[in-house]
Every structure is written in C-alpha cells, then in structure tokens.
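Novice: This is the content of structure.txt (compact mmCIF, N, CA and C atoms):
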# COMPACT_ATOMS: atom_id res chain seq x y z
N MET A 1 132.22 84.49 106.15
CA MET A 1 131.93 84.88 104.80
C MET A 1 130.42 85.14 104.71
N TYR A 2 130.04 86.13 103.93
CA TYR A 2 128.63 86.48 103.76
C TYR A 2 128.24 86.20 102.30
N GLN A 3 127.30 85.29 102.14
CA GLN A 3 126.85 84.87 100.81
C GLN A 3 125.54 85.59 100.50
N PRO A 4 125.47 86.40 99.44
CA PRO A 4 124.21 87.07 99.11
C PRO A 4 123.09 86.06 98.85
N VAL A 5 121.90 86.41 99.32
CA VAL A 5 120.71 85.58 99.10
C VAL A 5 119.75 86.41 98.26
N ALA A 6 119.44 85.93 97.08
CA ALA A 6 118.55 86.66 96.18
C ALA A 6 117.10 86.39 96.54
N SER A 7 116.29 87.41 96.46
CA SER A 7 114.86 87.28 96.69
C SER A 7 114.16 87.16 95.35
N LEU A 8 113.18 86.27 95.28
CA LEU A 8 112.39 86.14 94.06
C LEU A 8 111.31 87.22 93.98
N ALA A 9 111.01 87.82 95.11
CA ALA A 9 110.08 88.94 95.15
C ALA A 9 110.85 90.23 94.87
N VAL A 10 110.13 91.25 94.46
CA VAL A 10 110.77 92.53 94.20
C VAL A 10 110.88 93.27 95.53
N GLU A 11 112.09 93.26 96.09
CA GLU A 11 112.36 93.93 97.36
C GLU A 11 113.73 94.57 97.29
N ASP A 12 113.92 95.60 98.10
CA ASP A 12 115.22 96.26 98.17
C ASP A 12 116.06 95.76 99.34
N MET A 13 115.52 94.85 100.14
CA MET A 13 116.21 94.40 101.34
C MET A 13 117.39 93.48 101.00
N GLU A 14 118.53 93.77 101.63
CA GLU A 14 119.71 92.92 101.46
C GLU A 14 119.60 91.72 102.40
N ARG A 15 119.96 90.55 101.87
CA ARG A 15 119.97 89.32 102.67
C ARG A 15 121.27 88.58 102.40
N TYR A 16 121.83 88.01 103.48
CA TYR A 16 123.07 87.26 103.32
C TYR A 16 123.04 86.01 104.21
N GLY A 17 123.56 84.93 103.69
CA GLY A 17 123.78 83.75 104.49
C GLY A 17 125.17 83.86 105.10
N VAL A 18 125.27 83.54 106.37
CA VAL A 18 126.56 83.61 107.06
C VAL A 18 127.20 82.23 106.99
N CYS A 19 128.39 82.18 106.43
CA CYS A 19 129.10 80.91 106.26
C CYS A 19 130.43 80.98 107.00
N LEU A 20 130.66 80.02 107.87
CA LEU A 20 131.93 79.97 108.59
C LEU A 20 132.95 79.22 107.74
N ARG A 21 134.09 79.82 107.57
CA ARG A 21 135.19 79.19 106.84
C ARG A 21 136.42 79.19 107.73
N LEU A 22 136.99 78.02 107.92
CA LEU A 22 138.20 77.88 108.72
C LEU A 22 139.34 77.40 107.84
N MET A 23 140.53 77.80 108.20
CA MET A 23 141.72 77.41 107.45
C MET A 23 142.58 76.48 108.29
N ASP A 24 143.28 75.58 107.61
CA ASP A 24 144.23 74.71 108.31
C ASP A 24 145.56 75.43 108.46
N ALA A 25 146.54 74.77 109.04
CA ALA A 25 147.85 75.38 109.31
C ALA A 25 148.56 75.84 108.04
N ASP A 26 148.22 75.22 106.90
CA ASP A 26 148.85 75.57 105.63
C ASP A 26 148.07 76.63 104.86
N GLY A 27 146.96 77.13 105.45
CA GLY A 27 146.18 78.15 104.79
C GLY A 27 145.13 77.62 103.83
N ASN A 28 144.90 76.30 103.86
CA ASN A 28 143.88 75.70 103.00
C ASN A 28 142.53 75.71 103.71
N GLU A 29 141.48 76.01 102.97
CA GLU A 29 140.14 76.05 103.55
C GLU A 29 139.68 74.65 103.91
N LEU A 30 139.16 74.50 105.12
CA LEU A 30 138.63 73.23 105.58
C LEU A 30 137.18 73.08 105.16
N GLU A 31 136.78 71.89 104.83
CA GLU A 31 135.38 71.61 104.54
C GLU A 31 134.62 71.64 105.87
N PRO A 32 133.38 72.14 105.89
CA PRO A 32 132.62 72.20 107.14
C PRO A 32 132.55 70.86 107.87
N CYS A 33 132.41 69.77 107.14
CA CYS A 33 132.32 68.46 107.81
C CYS A 33 133.59 68.13 108.59
N GLN A 34 134.70 68.76 108.24
CA GLN A 34 135.97 68.50 108.91
C GLN A 34 136.02 69.13 110.31
N TYR A 35 135.28 70.20 110.53
CA TYR A 35 135.33 70.82 111.85
C TYR A 35 134.00 70.77 112.60
N ILE A 36 132.89 70.64 111.91
CA ILE A 36 131.59 70.60 112.59
C ILE A 36 131.48 69.36 113.47
N ASN A 37 131.82 68.21 112.93
CA ASN A 37 131.74 66.98 113.72
C ASN A 37 132.71 67.01 114.90
N ALA A 38 133.91 67.51 114.68
CA ALA A 38 134.88 67.62 115.78
C ALA A 38 134.36 68.57 116.86
N ALA A 39 133.76 69.66 116.45
CA ALA A 39 133.20 70.62 117.42
C ALA A 39 132.10 69.97 118.25
N ARG A 40 131.24 69.20 117.60
CA ARG A 40 130.17 68.50 118.34
C ARG A 40 130.75 67.50 119.32
N GLU A 41 131.71 66.73 118.88
CA GLU A 41 132.32 65.70 119.74
C GLU A 41 132.99 66.29 120.97
N HIS A 42 133.51 67.49 120.85
CA HIS A 42 134.22 68.13 121.96
C HIS A 42 133.39 69.21 122.64
N ASP A 43 132.08 69.21 122.41
CA ASP A 43 131.16 70.15 123.05
C ASP A 43 131.57 71.61 122.82
N MET A 44 131.97 71.92 121.59
CA MET A 44 132.43 73.26 121.25
C MET A 44 131.46 74.00 120.32
N SER A 45 130.43 73.33 119.85
CA SER A 45 129.53 73.93 118.86
C SER A 45 128.92 75.24 119.33
N ARG A 46 128.45 75.27 120.55
CA ARG A 46 127.79 76.49 121.03
C ARG A 46 128.76 77.65 121.12
N TYR A 47 130.05 77.38 121.39
CA TYR A 47 131.04 78.44 121.46
C TYR A 47 131.34 78.99 120.05
N ILE A 48 131.38 78.10 119.09
CA ILE A 48 131.57 78.53 117.71
C ILE A 48 130.36 79.36 117.26
N ASP A 49 129.15 78.88 117.61
CA ASP A 49 127.94 79.63 117.26
C ASP A 49 127.99 81.03 117.84
N ARG A 50 128.37 81.16 119.09
CA ARG A 50 128.44 82.49 119.72
C ARG A 50 129.46 83.38 119.03
N TRP A 51 130.58 82.81 118.67
CA TRP A 51 131.62 83.58 117.98
C TRP A 51 131.08 84.10 116.64
N VAL A 52 130.38 83.25 115.89
CA VAL A 52 129.82 83.64 114.60
C VAL A 52 128.72 84.68 114.79
N VAL A 53 127.83 84.46 115.75
CA VAL A 53 126.74 85.41 116.00
C VAL A 53 127.31 86.77 116.42
N HIS A 54 128.30 86.77 117.28
CA HIS A 54 128.91 88.02 117.72
C HIS A 54 129.51 88.79 116.55
N ALA A 55 130.25 88.08 115.70
CA ALA A 55 130.85 88.73 114.52
C ALA A 55 129.77 89.26 113.59
N ALA A 56 128.69 88.52 113.43
CA ALA A 56 127.59 88.94 112.55
C ALA A 56 126.89 90.18 113.11
N ILE A 57 126.67 90.23 114.41
CA ILE A 57 126.03 91.39 115.04
C ILE A 57 126.91 92.63 114.87
N LYS A 58 128.21 92.46 115.04
CA LYS A 58 129.11 93.60 114.84
C LYS A 58 129.05 94.10 113.40
N GLU A 59 128.98 93.18 112.46
CA GLU A 59 128.86 93.55 111.04
C GLU A 59 127.55 94.29 110.79
N LEU A 60 126.47 93.77 111.36
CA LEU A 60 125.17 94.44 111.20
C LEU A 60 125.19 95.84 111.80
N SER A 61 125.88 96.01 112.91
CA SER A 61 125.98 97.31 113.55
C SER A 61 126.65 98.33 112.64
N GLU A 62 127.70 97.90 111.95
CA GLU A 62 128.38 98.80 111.02
C GLU A 62 127.45 99.21 109.87
N HIS A 63 126.63 98.29 109.40
CA HIS A 63 125.67 98.63 108.35
C HIS A 63 124.60 99.57 108.88
N THR A 64 124.16 99.33 110.12
CA THR A 64 123.13 100.18 110.73
C THR A 64 123.61 101.61 110.84
N GLU A 65 124.87 101.79 111.20
CA GLU A 65 125.44 103.14 111.31
C GLU A 65 125.40 103.87 109.97
N ARG A 66 125.41 103.12 108.88
CA ARG A 66 125.35 103.72 107.53
C ARG A 66 123.91 103.79 107.00
N GLY A 67 122.93 103.41 107.84
CA GLY A 67 121.53 103.50 107.44
C GLY A 67 121.04 102.31 106.62
N SER A 68 121.76 101.22 106.66
CA SER A 68 121.40 99.99 105.94
C SER A 68 121.01 98.93 106.96
N TYR A 69 119.98 98.14 106.66
CA TYR A 69 119.49 97.15 107.60
C TYR A 69 119.37 95.77 106.94
N PRO A 70 120.51 95.18 106.56
CA PRO A 70 120.45 93.86 105.93
C PRO A 70 120.00 92.80 106.94
N ARG A 71 119.61 91.67 106.42
CA ARG A 71 119.25 90.52 107.26
C ARG A 71 120.26 89.41 107.02
N LEU A 72 120.62 88.74 108.10
CA LEU A 72 121.58 87.66 108.01
C LEU A 72 120.93 86.34 108.42
N PHE A 73 121.18 85.30 107.64
CA PHE A 73 120.72 83.95 107.95
C PHE A 73 121.87 83.24 108.64
N LEU A 74 121.63 82.81 109.87
CA LEU A 74 122.67 82.15 110.67
C LEU A 74 122.21 80.76 111.07
N LYS A 75 123.03 79.78 110.78
CA LYS A 75 122.70 78.41 111.15
C LYS A 75 123.36 78.10 112.49
N LEU A 76 122.54 77.64 113.44
CA LEU A 76 123.02 77.32 114.77
C LEU A 76 123.05 75.81 114.98
N SER A 77 123.76 75.40 116.01
CA SER A 77 123.79 73.99 116.39
C SER A 77 122.69 73.72 117.41
N VAL A 78 122.33 72.47 117.55
CA VAL A 78 121.33 72.10 118.54
C VAL A 78 121.87 72.36 119.96
N ASP A 79 123.19 72.35 120.12
CA ASP A 79 123.78 72.68 121.43
C ASP A 79 123.43 74.11 121.83
N THR A 80 123.39 75.01 120.88
CA THR A 80 123.02 76.39 121.18
C THR A 80 121.54 76.48 121.54
N ALA A 81 120.70 75.72 120.84
CA ALA A 81 119.27 75.70 121.16
C ALA A 81 119.04 75.18 122.58
N ASN A 82 119.96 74.37 123.05
CA ASN A 82 119.86 73.78 124.39
C ASN A 82 120.55 74.63 125.46
N ASP A 83 121.17 75.71 125.06
CA ASP A 83 121.92 76.59 125.96
C ASP A 83 120.99 77.68 126.49
N VAL A 84 120.59 77.58 127.75
CA VAL A 84 119.64 78.54 128.34
C VAL A 84 120.23 79.95 128.44
N LYS A 85 121.54 80.08 128.34
CA LYS A 85 122.17 81.40 128.45
C LYS A 85 122.27 82.10 127.10
N PHE A 86 121.98 81.40 126.01
CA PHE A 86 122.16 82.01 124.69
C PHE A 86 121.21 83.19 124.46
N ILE A 87 119.94 83.02 124.72
CA ILE A 87 118.98 84.08 124.40
C ILE A 87 119.25 85.35 125.21
N PRO A 88 119.48 85.29 126.52
CA PRO A 88 119.85 86.53 127.24
C PRO A 88 121.14 87.16 126.69
N TRP A 89 122.10 86.33 126.35
CA TRP A 89 123.35 86.83 125.77
C TRP A 89 123.07 87.54 124.44
N PHE A 90 122.24 86.92 123.61
CA PHE A 90 121.87 87.50 122.32
C PHE A 90 121.15 88.83 122.50
N GLU A 91 120.24 88.91 123.44
CA GLU A 91 119.53 90.17 123.72
C GLU A 91 120.50 91.27 124.12
N GLN A 92 121.49 90.93 124.93
CA GLN A 92 122.48 91.92 125.34
C GLN A 92 123.29 92.42 124.15
N LEU A 93 123.64 91.50 123.25
CA LEU A 93 124.38 91.90 122.05
C LEU A 93 123.57 92.86 121.19
N LEU A 94 122.29 92.52 120.99
CA LEU A 94 121.43 93.39 120.19
C LEU A 94 121.39 94.79 120.78
N SER A 95 121.25 94.87 122.09
CA SER A 95 121.19 96.16 122.77
C SER A 95 122.52 96.91 122.67
N LYS A 96 123.61 96.20 122.93
CA LYS A 96 124.94 96.81 122.91
C LYS A 96 125.27 97.40 121.54
N TYR A 97 124.95 96.67 120.48
CA TYR A 97 125.32 97.09 119.13
C TYR A 97 124.17 97.79 118.38
N GLU A 98 123.04 97.97 119.07
CA GLU A 98 121.87 98.65 118.50
C GLU A 98 121.45 98.03 117.16
N VAL A 99 121.26 96.73 117.19
CA VAL A 99 120.84 95.96 116.02
C VAL A 99 119.43 95.45 116.28
N ARG A 100 118.61 95.44 115.25
CA ARG A 100 117.24 94.95 115.34
C ARG A 100 117.22 93.42 115.33
N SER A 101 116.39 92.85 116.16
CA SER A 101 116.33 91.38 116.24
C SER A 101 115.92 90.74 114.92
N GLU A 102 115.07 91.42 114.15
CA GLU A 102 114.59 90.84 112.89
C GLU A 102 115.68 90.78 111.82
N GLN A 103 116.83 91.37 112.10
CA GLN A 103 117.93 91.29 111.15
C GLN A 103 118.68 89.95 111.23
N CYS A 104 118.43 89.20 112.29
CA CYS A 104 119.07 87.89 112.46
C CYS A 104 118.02 86.80 112.30
N ILE A 105 118.21 85.97 111.32
CA ILE A 105 117.28 84.88 111.04
C ILE A 105 118.03 83.58 111.32
N PHE A 106 117.58 82.89 112.37
CA PHE A 106 118.27 81.69 112.80
C PHE A 106 117.63 80.43 112.23
N GLY A 107 118.48 79.45 111.99
CA GLY A 107 118.01 78.16 111.54
C GLY A 107 118.89 77.07 112.11
N LEU A 108 118.41 75.84 111.99
CA LEU A 108 119.15 74.66 112.41
C LEU A 108 119.09 73.65 111.28
N GLU A 109 119.94 72.65 111.36
CA GLU A 109 119.90 71.56 110.39
C GLU A 109 118.57 70.83 110.56
N GLU A 110 117.98 70.43 109.44
CA GLU A 110 116.69 69.74 109.47
C GLU A 110 116.74 68.51 110.37
N GLN A 111 117.81 67.75 110.29
CA GLN A 111 117.96 66.54 111.09
C GLN A 111 117.93 66.87 112.59
N ASP A 112 118.56 67.96 112.99
CA ASP A 112 118.55 68.37 114.39
C ASP A 112 117.16 68.77 114.84
N ILE A 113 116.42 69.44 113.97
CA ILE A 113 115.05 69.84 114.31
C ILE A 113 114.18 68.61 114.53
N ILE A 114 114.31 67.65 113.66
CA ILE A 114 113.51 66.43 113.77
C ILE A 114 113.89 65.63 115.03
N GLN A 115 115.18 65.48 115.27
CA GLN A 115 115.64 64.66 116.39
C GLN A 115 115.51 65.34 117.75
N HIS A 116 115.46 66.66 117.77
CA HIS A 116 115.47 67.39 119.05
C HIS A 116 114.31 68.38 119.14
N THR A 117 113.15 67.99 118.70
CA THR A 117 111.99 68.87 118.70
C THR A 117 111.69 69.44 120.08
N GLN A 118 111.86 68.64 121.11
CA GLN A 118 111.55 69.09 122.48
C GLN A 118 112.47 70.23 122.94
N VAL A 119 113.63 70.33 122.35
CA VAL A 119 114.57 71.40 122.67
C VAL A 119 114.38 72.59 121.73
N VAL A 120 114.20 72.29 120.46
CA VAL A 120 114.16 73.32 119.43
C VAL A 120 112.90 74.17 119.51
N ARG A 121 111.77 73.56 119.72
CA ARG A 121 110.50 74.31 119.75
C ARG A 121 110.51 75.42 120.80
N PRO A 122 110.84 75.13 122.07
CA PRO A 122 110.86 76.23 123.05
C PRO A 122 111.92 77.29 122.75
N PHE A 123 113.04 76.87 122.20
CA PHE A 123 114.11 77.82 121.86
C PHE A 123 113.60 78.85 120.86
N PHE A 124 112.98 78.39 119.77
CA PHE A 124 112.50 79.32 118.77
C PHE A 124 111.29 80.11 119.26
N SER A 125 110.49 79.53 120.13
CA SER A 125 109.36 80.28 120.70
C SER A 125 109.87 81.48 121.49
N LYS A 126 110.95 81.29 122.24
CA LYS A 126 111.53 82.41 123.01
C LYS A 126 112.15 83.44 122.09
N LEU A 127 112.77 83.00 121.01
CA LEU A 127 113.37 83.96 120.08
C LEU A 127 112.31 84.83 119.41
N PHE A 128 111.14 84.28 119.17
CA PHE A 128 110.08 85.04 118.49
C PHE A 128 109.49 86.12 119.38
N LEU A 129 109.77 86.09 120.67
CA LEU A 129 109.17 87.06 121.59
C LEU A 129 109.79 88.45 121.51
N PHE A 130 110.95 88.55 120.89
CA PHE A 130 111.53 89.91 120.80
C PHE A 130 111.98 90.21 119.40
Spell out the structure here as structure tokens.

Specialist:
Amino acid sequence: MYQPVASLAVEDMERYGVCLRLMDADGNELEPCQYINAAREHDMSRYIDRWVVHAAIKELSEHTERGSYPRLFLKLSVDTANDVKFIPWFEQLLSKYEVRSEQCIFGLEEQDIIQHTQVVRPFFSKLFLF
C-alpha cells in the first residue's frame, strides 16, 4: 500500500510511504506486529524487505514511463542493513527498471539504529554513494 506523504513546503513532488499489508487465511488484515516479529525470529526480514523494494521499484518504473518521478519512503530491517548483497542487488534493480536512486528513501526503526549503529552507519554511507 502507498500512503501519500504531504509536504509542508510548496513543492510539486509526489511522496509516498510504502506500507506492507498482509492478510490471514480468512482475508483479514494482519497487524504489522503479528508478522514483523515472526519474520525476525525466522530470519526472513531481509527477504520481505527485498520483496517490498522490488515491488516499489517496479511501481516507480511505471511512473517514470509516464514522466512522473515520485519518491517512496521504505522502511528496512536491520537484517537488510547487515546484508552485504543488498546494495549490489538494489543497484541492479535501479538499472534494470531505469529508476533514479533518489526516488527511494530508506529508513530503519529508531531502536534498530541505536542498537546497531556499527552496522547501520556503513550501510547508509554506501547507499549515499549513488
């Protein structure tokens, strides 16, 4: 799901927060806490992050083809920040779908940033290089 993000400044740029919504077997929406903790416990967070990032890049590509360049805010897990293969994979996606890197704005939970500074700092430093 893409949640519009309003700017307090006068700008024409579209911004959206990317929100993952999962459904249970009965079609009811699950609360994020119901699947985020399970994903962490089973070392699946980085795979979910990649799935969300891939879907977001494809969406951005469709907008780019129409001459629109929105920006998406994507929240990642600390497992992704610790995944040395993520950044090369992300670069390949950008190239494949002809999307600008500045259209993807990544963030992490504040608690993860505080607890894993040694992992998070180099990860974001590498992302800023392209």

Novice: Set the distance at 7 Å and use all atoms listed in the file: which residues neighbour Arg71 in chain A once local chain neighbours fewer than 5 positions away are removed? I'd like the list as number ranges by chain.

Specialist: A: 13-17, 102-105

Novice: Residues of range 14-81 of chain A within 10 Å of range 87-90 of chain A: nearest atom pair and distance (Å, one decimal) for each, counting only C-alpha atoms, sorted by chain and number, as a tab-separated table?

Specialist:
residue	atom	partner	partner_atom	distance
A:Arg50	CA	A:Phe90	CA	8.7
A:Val53	CA	A:Phe90	CA	8.2
A:His54	CA	A:Phe90	CA	8.4
A:Ile57	CA	A:Phe90	CA	9.2
A:Thr80	CA	A:Ile87	CA	9.3
A:Ala81	CA	A:Ile87	CA	9.0

Novice: Check chain A with DSSP on the backbone and list each residue it calls strand (DSSP E), as a VMD selection string.

Specialist: chain A and resid 2 to 4 15 to 18 71 to 75 104 to 107

Novice: If you measure from CA of Leu129 in chain A to atom C of Leu94 in chain A, what distance in Å do you get, rounded to one decimal?

Specialist: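 Distance reported for this atom pair: 14.5 Å.
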
Novice: Using only C-alpha atoms for the distances, tell me which of A:Glu31, A:Asn82, A:Leu93, A:Arg100 is nearest to Phe123 in chain A.

Specialist: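 The answer is A:Asn82, which sits nearest to Phe123 in chain A.
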
Novice: Report, in Å with one decimal, the straight-line distance from atom C of Asp79 in chain A to atom N of Val18 in chain A.

Specialist: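 Answer for the atom C of Asp79 in chain A to atom N of Val18 in chain A separation: 18.2 Å.
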
Novice: Just the number, please: distance in Å from CA of Val119 in chain A to CA of Val99 in chain A, one decimal.

Specialist: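 Spanning CA of Val119 in chain A to CA of Val99 in chain A is a straight-line distance of 26.2 Å.
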
Novice: Could you check which of A:Asp83, A:Thr117, A:Glu29, A:Ser68 is closest to Arg46 in chain A, using all atoms listed in the file?

Specialist: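 Among the listed residues, A:Asp83 lies closest to Arg46 in chain A.
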
Novice: Do you know which residues are at most 12 Å from Gln34 in chain A counting only C-alpha atoms, after dropping those on the same chain fewer than 6 positions away, and could you put them as number ranges by chain?

Specialist: A: 21-24, 40-41
